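Visitor: What follows is model.cif, made up of mmCIF, C-alpha atoms:
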data_work
loop_
_atom_site.label_atom_id
_atom_site.label_comp_id
_atom_site.auth_asym_id
_atom_site.auth_seq_id
_atom_site.Cartn_x
_atom_site.Cartn_y
_atom_site.Cartn_z
CA MET A 1 0.00 0.00 0.00
CA LYS A 2 2.84 2.36 0.95
CA ASN A 3 4.61 1.64 -2.37
CA THR A 4 1.40 2.32 -4.25
CA LEU A 5 0.97 5.70 -2.55
CA LEU A 6 4.60 6.57 -3.24
CA LEU A 7 4.19 5.73 -6.94
CA SER A 8 1.02 7.79 -7.13
CA SER A 9 2.79 10.74 -5.52
CA LEU A 10 5.65 10.51 -8.03
CA VAL A 11 3.21 10.47 -10.94
CA VAL A 12 1.38 13.54 -9.62
CA ALA A 13 4.67 15.37 -8.94
CA THR A 14 5.97 14.54 -12.41
CA ALA A 15 2.73 15.66 -14.04
CA SER A 16 2.98 19.01 -12.26
CA THR A 17 6.56 19.70 -13.33
CA ALA A 18 7.02 18.17 -16.78
CA SER A 19 5.15 18.92 -19.96
CA ALA A 20 5.60 18.09 -23.60
CA VAL A 21 4.36 20.44 -26.28
CA ASN A 22 2.79 18.59 -29.17
CA PHE A 23 1.99 20.38 -32.42
CA SER A 24 -0.72 19.55 -34.94
CA VAL A 25 -0.50 21.70 -38.08
CA ASN A 26 -2.88 21.23 -40.97
CA ALA A 27 -4.56 22.47 -44.10
CA ALA A 28 -7.35 19.93 -44.14
CA VAL A 29 -10.68 21.58 -43.30
CA ASN A 30 -11.64 23.49 -46.45
CA SER A 31 -8.96 26.03 -47.40
CA GLY A 32 -5.55 24.95 -48.67
CA PHE A 33 -2.51 26.43 -50.39
CA ALA A 34 -2.06 27.41 -54.02
CA LEU A 35 0.50 28.79 -56.43
CA SER A 36 0.40 32.50 -57.21
CA ASP A 37 -1.98 31.84 -60.13
CA GLY A 38 -4.51 30.09 -57.87
CA THR A 39 -3.65 26.53 -58.91
CA ASP A 40 -3.66 24.11 -55.98
CA LEU A 41 -0.13 23.58 -54.63
CA PRO A 42 1.25 20.26 -55.95
CA VAL A 43 1.75 17.31 -53.63
CA GLY A 44 5.28 17.03 -52.30
CA SER A 45 5.67 20.80 -51.80
CA LEU A 46 7.41 21.74 -48.56
CA VAL A 47 5.72 23.24 -45.49
CA LEU A 48 7.81 24.41 -42.54
CA PHE A 49 6.29 25.41 -39.23
CA GLY A 50 7.96 27.32 -36.44
CA ALA A 51 8.61 30.83 -35.16
CA PHE A 52 10.53 33.91 -36.29
CA SER A 53 12.97 35.87 -34.14
CA ILE A 54 12.23 39.05 -36.12
CA SER A 55 9.17 41.27 -36.41
CA ASP A 56 6.42 40.89 -38.98
CA SER A 57 7.53 44.11 -40.68
CA GLN A 58 11.06 42.71 -41.04
CA ILE A 59 9.67 39.51 -42.54
CA THR A 60 7.67 41.45 -45.11
CA ALA A 61 10.55 43.82 -45.91
CA ASN A 62 12.86 40.86 -46.59
CA SER A 63 10.39 38.70 -48.51
CA GLY A 64 12.89 38.18 -51.32
CA SER A 65 15.79 37.10 -49.10
CA LEU A 66 15.31 33.46 -48.19
CA SER A 67 18.73 33.31 -46.54
CA PHE A 68 17.87 36.18 -44.20
CA LEU A 69 14.46 34.79 -43.35
CA ASN A 70 15.86 31.30 -42.82
CA SER A 71 18.58 32.62 -40.50
CA ASN A 72 15.85 34.12 -38.32
CA PHE A 73 13.47 31.16 -38.47
CA ILE A 74 13.26 28.64 -35.63
CA GLN A 75 11.95 25.44 -37.16
CA ILE A 76 9.74 23.19 -35.06
CA GLY A 77 8.88 20.71 -37.78
CA SER A 78 8.04 20.17 -41.43
CA ALA A 79 5.50 18.47 -43.65
CA VAL A 80 4.75 18.14 -47.35
CA ILE A 81 1.57 18.76 -49.27
CA GLY A 82 -0.40 15.53 -49.42
CA GLN A 83 1.02 14.23 -46.13
CA GLY A 84 -1.61 12.30 -44.19
CA ASN A 85 -3.78 11.85 -47.31
CA PRO A 86 -6.27 14.53 -46.11
CA ALA A 87 -8.56 14.22 -49.14
CA GLU A 88 -8.68 10.43 -48.71
CA GLY A 89 -7.29 9.71 -52.14
CA ALA A 90 -5.33 6.66 -53.24
CA GLY A 91 -2.44 7.85 -51.07
CA PRO A 92 -0.50 10.96 -50.02
CA SER A 93 0.89 11.43 -53.54
CA ASP A 94 -2.57 11.37 -55.12
CA PRO A 95 -3.13 14.76 -56.87
CA VAL A 96 -6.50 14.98 -55.12
CA ASN A 97 -4.52 16.06 -52.04
CA ALA A 98 -3.09 19.14 -53.80
CA GLY A 99 -2.89 22.10 -51.44
CA LEU A 100 -3.72 20.06 -48.33
CA PHE A 101 -1.74 18.26 -45.61
CA TYR A 102 -1.62 16.95 -42.04
CA GLY A 103 1.55 17.57 -40.02
CA ASP A 104 2.75 17.21 -36.46
CA ALA A 105 5.68 17.37 -34.05
CA PHE A 106 5.84 15.72 -30.65
CA ASN A 107 7.61 16.34 -27.33
CA VAL A 108 9.05 19.70 -28.33
CA ASN A 109 11.01 21.69 -25.76
CA THR A 110 9.81 25.26 -26.29
CA THR A 111 11.52 26.73 -23.21
CA ALA A 112 14.82 28.63 -23.00
CA SER A 113 16.65 25.32 -22.54
CA GLY A 114 15.32 24.16 -25.91
CA LEU A 115 14.06 26.10 -28.94
CA ASN A 116 13.19 29.14 -26.82
CA VAL A 117 9.96 29.84 -28.71
CA SER A 118 7.49 29.85 -25.82
CA GLY A 119 5.09 32.79 -26.16
CA LEU A 120 5.96 33.42 -29.82
CA LYS A 121 3.51 33.07 -32.69
CA LEU A 122 3.44 29.95 -34.85
CA TYR A 123 4.01 30.50 -38.58
CA TYR A 124 3.47 28.31 -41.63
CA TRP A 125 6.22 28.87 -44.23
CA VAL A 126 5.12 27.25 -47.49
CA PHE A 127 7.10 26.64 -50.71
CA ASN A 128 6.27 25.53 -54.24
CA SER A 129 9.05 22.95 -54.19
CA SER A 130 10.25 20.06 -52.06
CA SER A 131 13.16 22.18 -50.78
CA VAL A 132 13.79 25.80 -49.86
CA GLY A 133 16.71 26.16 -52.26
CA SER A 134 14.75 25.15 -55.36
CA ALA A 135 11.62 27.17 -54.58
CA THR A 136 10.50 30.04 -56.82
CA GLN A 137 7.44 30.94 -54.74
CA HIS A 138 6.74 31.04 -51.01
CA GLY A 139 4.25 32.28 -48.46
CA ILE A 140 4.27 33.00 -44.73
CA PHE A 141 1.06 32.80 -42.72
CA SER A 142 0.02 33.09 -39.08
CA SER A 143 -2.82 34.32 -36.86
CA THR A 144 -3.31 36.64 -33.90
CA LEU A 145 -5.55 33.99 -32.29
CA SER A 146 -4.31 32.78 -28.91
CA SER A 147 -4.41 29.21 -30.24
CA TRP A 148 -1.48 30.17 -32.52
CA THR A 149 0.69 31.23 -29.57
CA ILE A 150 3.29 28.60 -28.71
CA PRO A 151 2.87 27.29 -25.15
CA SER A 152 5.67 26.52 -22.72
CA GLY A 153 6.89 22.96 -22.29
CA ASP A 154 10.24 21.33 -21.60
CA GLY A 155 9.88 18.40 -23.97
CA GLY A 156 9.19 15.83 -21.28
CA GLY A 157 7.29 12.64 -21.97
CA LEU A 158 3.89 13.69 -20.67
CA ASP A 159 1.47 15.05 -23.27
CA LEU A 160 0.09 18.02 -21.36
CA ALA A 161 0.36 20.90 -23.85
CA VAL A 162 -1.08 20.76 -27.36
CA ILE A 163 -1.25 23.41 -30.07
CA ASN A 164 -3.71 22.43 -32.78
CA THR A 165 -3.88 24.73 -35.82
CA ASP A 166 -5.28 24.69 -39.35
CA ILE A 167 -4.92 27.28 -42.09
CA ALA A 168 -8.73 27.46 -41.99
CA ASP A 169 -8.30 29.30 -38.66
CA LEU A 170 -7.44 32.29 -40.83
CA THR A 171 -10.88 32.25 -42.46
CA VAL A 172 -14.48 32.80 -41.41
CA GLY A 173 -17.67 31.22 -42.69
CA GLN A 174 -18.53 27.56 -42.99
CA GLU A 175 -16.85 27.23 -46.38
CA GLY A 176 -13.76 29.27 -45.54
CA ASN A 177 -14.39 31.83 -48.25
CA GLU A 178 -13.66 35.00 -46.26
CA LEU A 179 -10.45 36.14 -44.60
CA ALA A 180 -10.65 36.52 -40.82
CA GLY A 181 -9.62 39.75 -39.15
CA THR A 182 -7.17 37.73 -37.07
CA ALA A 183 -5.34 36.40 -40.17
CA LYS A 184 -1.71 37.36 -40.71
CA ILE A 185 -0.49 37.04 -44.31
CA LEU A 186 3.10 38.26 -44.27
CA ILE A 187 3.97 36.97 -47.74
CA GLY A 188 1.37 35.71 -50.20
CA GLY A 189 -2.35 36.26 -50.62
CA PHE A 190 -5.82 34.80 -50.27
CA GLY A 191 -8.79 33.99 -52.43
CA SER A 192 -7.56 33.69 -56.02
CA GLY A 193 -8.33 29.98 -56.19
CA ILE A 194 -10.69 27.36 -54.73
CA ASN A 195 -9.27 24.16 -53.30
CA GLN A 196 -10.64 21.34 -55.40
CA ALA A 197 -11.02 18.92 -52.49
CA GLY A 198 -11.72 21.23 -49.55
CA GLY A 199 -13.99 23.69 -51.34
CA GLY A 200 -12.60 26.74 -49.54
CA ARG A 201 -10.54 29.58 -50.93
CA ASP A 202 -6.82 28.94 -51.10
CA PHE A 203 -3.98 30.88 -49.54
CA THR A 204 -1.62 31.73 -52.38
CA LEU A 205 2.15 31.98 -52.54
CA ALA A 206 4.14 34.88 -53.98
CA ALA A 207 7.02 34.82 -56.43
CA ILE A 208 10.53 35.03 -55.02
CA PRO A 209 12.45 37.76 -56.91
CA GLU A 210 15.30 36.50 -59.07
CA PRO A 211 18.73 37.44 -57.67
CA SER A 212 19.43 39.48 -60.81
CA ALA A 213 16.19 41.41 -60.32
CA ALA A 214 17.02 42.10 -56.68
CA VAL A 215 20.47 43.36 -57.67
CA ALA A 216 18.96 45.55 -60.37
CA LEU A 217 16.50 47.06 -57.89
CA ALA A 218 19.27 47.71 -55.39
CA GLY A 219 21.40 49.28 -58.10
CA ALA A 220 18.55 51.52 -59.20
CA ALA A 221 18.04 52.65 -55.61
CA ILE A 222 21.74 53.50 -55.25
CA LEU A 223 21.78 55.42 -58.53
CA GLY A 224 18.66 57.31 -57.50
CA PHE A 225 20.25 58.24 -54.19
CA ALA A 226 23.45 59.41 -55.91
CA ALA A 227 21.47 61.51 -58.37
CA THR A 228 19.54 63.14 -55.53
CA ARG A 229 22.80 64.02 -53.75
CA ARG A 230 24.21 65.58 -56.93
CA ARG A 231 21.10 67.72 -57.37
CA LEU A 232 21.27 68.90 -53.77
CA ARG A 233 24.94 69.88 -54.19
CA THR A 234 24.14 72.03 -57.24
CA VAL A 235 21.36 73.92 -55.47
#
Would you mind writing the structure in this file as structure tokens?
Guide:
Amino acid sequence: MKNTLLLSSLVVATASTASAVNFSVNAAVNSGFALSDGTDLPVGSLVLFGAFSISDSQITANSGSLSFLNSNFIQIGSAVIGQGNPAEGAGPSDPVNAGLFYGDAFNVNTTASGLNVSGLKLYYWVFNSSSVGSATQHGIFSSTLSSWTIPSGDGGGLDLAVINTDIADLTVGQEGNELAGTAKILIGGFGSGINQAGGGRDFTLAAIPEPSAAVALAGAAILGFAATRRRLRTV
């Protein structure tokens, strides 16, 4: 009897001090993801989920610099479009799953001794390719809803903290055809396509500027600045 009480006390004590944060991330209710032209995102396309160590304005201002964004991104997990066979096709690679996915990550340490993301917002970073390096389009999405705030947990074995999100959280209406006021679209758009399986409006990606185009824009800005200085000197 004494051993039983001791074991019970240890279980209660452990439950009060340890917690694992489990993540469920999805695009499987009605809305999904699409290319910039509104075409459902092909199966196999990469989805990263995690937090950023920079502000939303910095994310938007550096939308064309994947290296900068990646250096300030704290990845919790990843998935690919079609994962989990959300449209119940012949399998995850069935084109019927285009734009949709189920993803998860278990026993994540979100505290300062781990990823140090407790209290930060969760973001979906979506690409039109199976890898970041080969992508030509991307999108970054989040929400101001409290359910998109990452809870604290030290990665222990007890499943006490769960964050369950779906891109449909960023919409309102039964069919997911309107953008919610709590939606955060840092890069990309909404509404230019309808997901063929889910029936809701898709969240679209945006083109990543070619390096040559970015250099040209930077050069034009420098030339414009130099010209302005010359005009001021002649006044």
Visitor: Using the chain letters and numbers from the file, give me the residues hit by the PyMOL selection byres ((chain A and resi 95-110) around 6), as number ranges by chain.
Guide: A: 20-28, 32-34, 40-43, 77, 79, 81-84, 86-87, 94, 111, 114-118, 152-155
Visitor: Put those residues in a file: C-alpha atoms, as a PDB file, in the frame of the given file.
Guide:
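The file below, selection-v1.pdb, is the result:
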ATOM      1  CA  ALA A  20       5.600  18.090 -23.600  1.00  0.00           C
ATOM      2  CA  VAL A  21       4.360  20.440 -26.280  1.00  0.00           C
ATOM      3  CA  ASN A  22       2.790  18.590 -29.170  1.00  0.00           C
ATOM      4  CA  PHE A  23       1.990  20.380 -32.420  1.00  0.00           C
ATOM      5  CA  SER A  24      -0.720  19.550 -34.940  1.00  0.00           C
ATOM      6  CA  VAL A  25      -0.500  21.700 -38.080  1.00  0.00           C
ATOM      7  CA  ASN A  26      -2.880  21.230 -40.970  1.00  0.00           C
ATOM      8  CA  ALA A  27      -4.560  22.470 -44.100  1.00  0.00           C
ATOM      9  CA  ALA A  28      -7.350  19.930 -44.140  1.00  0.00           C
ATOM     10  CA  GLY A  32      -5.550  24.950 -48.670  1.00  0.00           C
ATOM     11  CA  PHE A  33      -2.510  26.430 -50.390  1.00  0.00           C
ATOM     12  CA  ALA A  34      -2.060  27.410 -54.020  1.00  0.00           C
ATOM     13  CA  ASP A  40      -3.660  24.110 -55.980  1.00  0.00           C
ATOM     14  CA  LEU A  41      -0.130  23.580 -54.630  1.00  0.00           C
ATOM     15  CA  PRO A  42       1.250  20.260 -55.950  1.00  0.00           C
ATOM     16  CA  VAL A  43       1.750  17.310 -53.630  1.00  0.00           C
ATOM     17  CA  GLY A  77       8.880  20.710 -37.780  1.00  0.00           C
ATOM     18  CA  ALA A  79       5.500  18.470 -43.650  1.00  0.00           C
ATOM     19  CA  ILE A  81       1.570  18.760 -49.270  1.00  0.00           C
ATOM     20  CA  GLY A  82      -0.400  15.530 -49.420  1.00  0.00           C
ATOM     21  CA  GLN A  83       1.020  14.230 -46.130  1.00  0.00           C
ATOM     22  CA  GLY A  84      -1.610  12.300 -44.190  1.00  0.00           C
ATOM     23  CA  PRO A  86      -6.270  14.530 -46.110  1.00  0.00           C
ATOM     24  CA  ALA A  87      -8.560  14.220 -49.140  1.00  0.00           C
ATOM     25  CA  ASP A  94      -2.570  11.370 -55.120  1.00  0.00           C
ATOM     26  CA  THR A 111      11.520  26.730 -23.210  1.00  0.00           C
ATOM     27  CA  GLY A 114      15.320  24.160 -25.910  1.00  0.00           C
ATOM     28  CA  LEU A 115      14.060  26.100 -28.940  1.00  0.00           C
ATOM     29  CA  ASN A 116      13.190  29.140 -26.820  1.00  0.00           C
ATOM     30  CA  VAL A 117       9.960  29.840 -28.710  1.00  0.00           C
ATOM     31  CA  SER A 118       7.490  29.850 -25.820  1.00  0.00           C
ATOM     32  CA  SER A 152       5.670  26.520 -22.720  1.00  0.00           C
ATOM     33  CA  GLY A 153       6.890  22.960 -22.290  1.00  0.00           C
ATOM     34  CA  ASP A 154      10.240  21.330 -21.600  1.00  0.00           C
ATOM     35  CA  GLY A 155       9.880  18.400 -23.970  1.00  0.00           C
TER      36      GLY A 155
END
Visitor: Have a look at atom CA of Ser146 of chain A and atom CA of Leu170 of chain A and let me know their distance in Å, one decimal.
Guide: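 Atom CA of Leu170 of chain A lies 12.3 Å from atom CA of Ser146 of chain A.
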Visitor: So how many Å separate atom CA of Asp37 of chain A and atom CA of Gln196 of chain A, to one decimal?
Guide: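 Separation of atom CA of Asp37 of chain A and atom CA of Gln196 of chain A: 14.4 Å.
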Visitor: Give as a list of chain:residue names the residues that the PyMOL selection byres ((chain A and resi 209) around 6) matches when applied to the coordinates above.
Guide: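 When the PyMOL selection byres ((chain A and resi 209) around 6) is applied to the shown file, the picked residues are A:Gly64, A:Ile208, A:Glu210.
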Visitor: Of the residues A:Leu145, A:Leu48, A:Val80, A:Ala207, which is the one nearest to Thr182 of chain A, using all atoms listed in the file?
Guide: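 Residue with the minimum atom-to-atom distance to Thr182 of chain A: A:Leu145.
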Visitor: Do a neighbour search on segment 123-131 of chain A at 7 Å with all atoms listed in the file, toss out local chain neighbours closer than 6 positions, and write the hits as a PyMOL selection string.
Guide: chain A and resi 35+41+44-51+137-142
Visitor: Taking into account only C-alpha atoms, which residue in the set A:Gly91, A:Leu186, A:Pro151, A:Gly119 is nearest to Asn62 of chain A?
Guide: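 Closest candidate: A:Leu186.
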Visitor: So the first atom is atom CA of Asn164 of chain A and the second is atom CA of Thr144 of chain A; what is the distance between them in Å, to one decimal place?
Guide: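 Going from atom CA of Asn164 of chain A over to atom CA of Thr144 of chain A, I get 14.3 Å.
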Visitor: Do you know which residues are at most 10 Å from Ser31 of chain A counting only C-alpha atoms, after dropping those on the same chain fewer than 6 positions away, and could you put them as a PyMOL selection string?
Guide: chain A and resi 99-100+166-171+175-177+190-191+193-203
Visitor: Please dump the current selection as a PDB file, keeping the file's coordinate frame; keep C-alpha atoms.
Guide:
ATOM      1  CA  GLY A  99      -2.890  22.100 -51.440  1.00  0.00           C
ATOM      2  CA  LEU A 100      -3.720  20.060 -48.330  1.00  0.00           C
ATOM      3  CA  ASP A 166      -5.280  24.690 -39.350  1.00  0.00           C
ATOM      4  CA  ILE A 167      -4.920  27.280 -42.090  1.00  0.00           C
ATOM      5  CA  ALA A 168      -8.730  27.460 -41.990  1.00  0.00           C
ATOM      6  CA  ASP A 169      -8.300  29.300 -38.660  1.00  0.00           C
ATOM      7  CA  LEU A 170      -7.440  32.290 -40.830  1.00  0.00           C
ATOM      8  CA  THR A 171     -10.880  32.250 -42.460  1.00  0.00           C
ATOM      9  CA  GLU A 175     -16.850  27.230 -46.380  1.00  0.00           C
ATOM     10  CA  GLY A 176     -13.760  29.270 -45.540  1.00  0.00           C
ATOM     11  CA  ASN A 177     -14.390  31.830 -48.250  1.00  0.00           C
ATOM     12  CA  PHE A 190      -5.820  34.800 -50.270  1.00  0.00           C
ATOM     13  CA  GLY A 191      -8.790  33.990 -52.430  1.00  0.00           C
ATOM     14  CA  GLY A 193      -8.330  29.980 -56.190  1.00  0.00           C
ATOM     15  CA  ILE A 194     -10.690  27.360 -54.730  1.00  0.00           C
ATOM     16  CA  ASN A 195      -9.270  24.160 -53.300  1.00  0.00           C
ATOM     17  CA  GLN A 196     -10.640  21.340 -55.400  1.00  0.00           C
ATOM     18  CA  ALA A 197     -11.020  18.920 -52.490  1.00  0.00           C
ATOM     19  CA  GLY A 198     -11.720  21.230 -49.550  1.00  0.00           C
ATOM     20  CA  GLY A 199     -13.990  23.690 -51.340  1.00  0.00           C
ATOM     21  CA  GLY A 200     -12.600  26.740 -49.540  1.00  0.00           C
ATOM     22  CA  ARG A 201     -10.540  29.580 -50.930  1.00  0.00           C
ATOM     23  CA  ASP A 202      -6.820  28.940 -51.100  1.00  0.00           C
ATOM     24  CA  PHE A 203      -3.980  30.880 -49.540  1.00  0.00           C
TER      25      PHE A 203
END
Visitor: With 8 Å of padding per side, what axis-aligned box (centre and edge lengths, Å, one decimal) covers all the listed atoms of segment 19-32 of chain A? Give it as AutoDock Vina command-line options.
Guide:
--center_x -3.0 --center_y 22.1 --center_z -34.3 --size_x 33.2 --size_y 23.9 --size_z 44.7
Visitor: Under the rule that all atoms listed in the file are counted, which of A:Val162, A:Glu178, A:Ser113, A:Gly188 is the nearest residue to Ser19 of chain A?
Guide: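 Looking at the shortest contact to Ser19 of chain A, the residue is A:Val162.
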Visitor: When you look at Phe52 of chain A with a cut-off of 6 Å (counting only C-alpha atoms), what residues show up, excluding the ones that are within fewer than 5 positions of it in the same chain? I need them as a PDB file with C-alpha atoms, in the coordinates of the input.
Guide:
ATOM      1  CA  ASN A  72      15.850  34.120 -38.320  1.00  0.00           C
ATOM      2  CA  PHE A  73      13.470  31.160 -38.470  1.00  0.00           C
ATOM      3  CA  ILE A  74      13.260  28.640 -35.630  1.00  0.00           C
TER       4      ILE A  74
END
Visitor: Using only C-alpha atoms, which residue out of A:Ala161, A:Leu179, A:Val132, A:Ile187 lies closest to Ser78 of chain A?
Guide: A:Val132
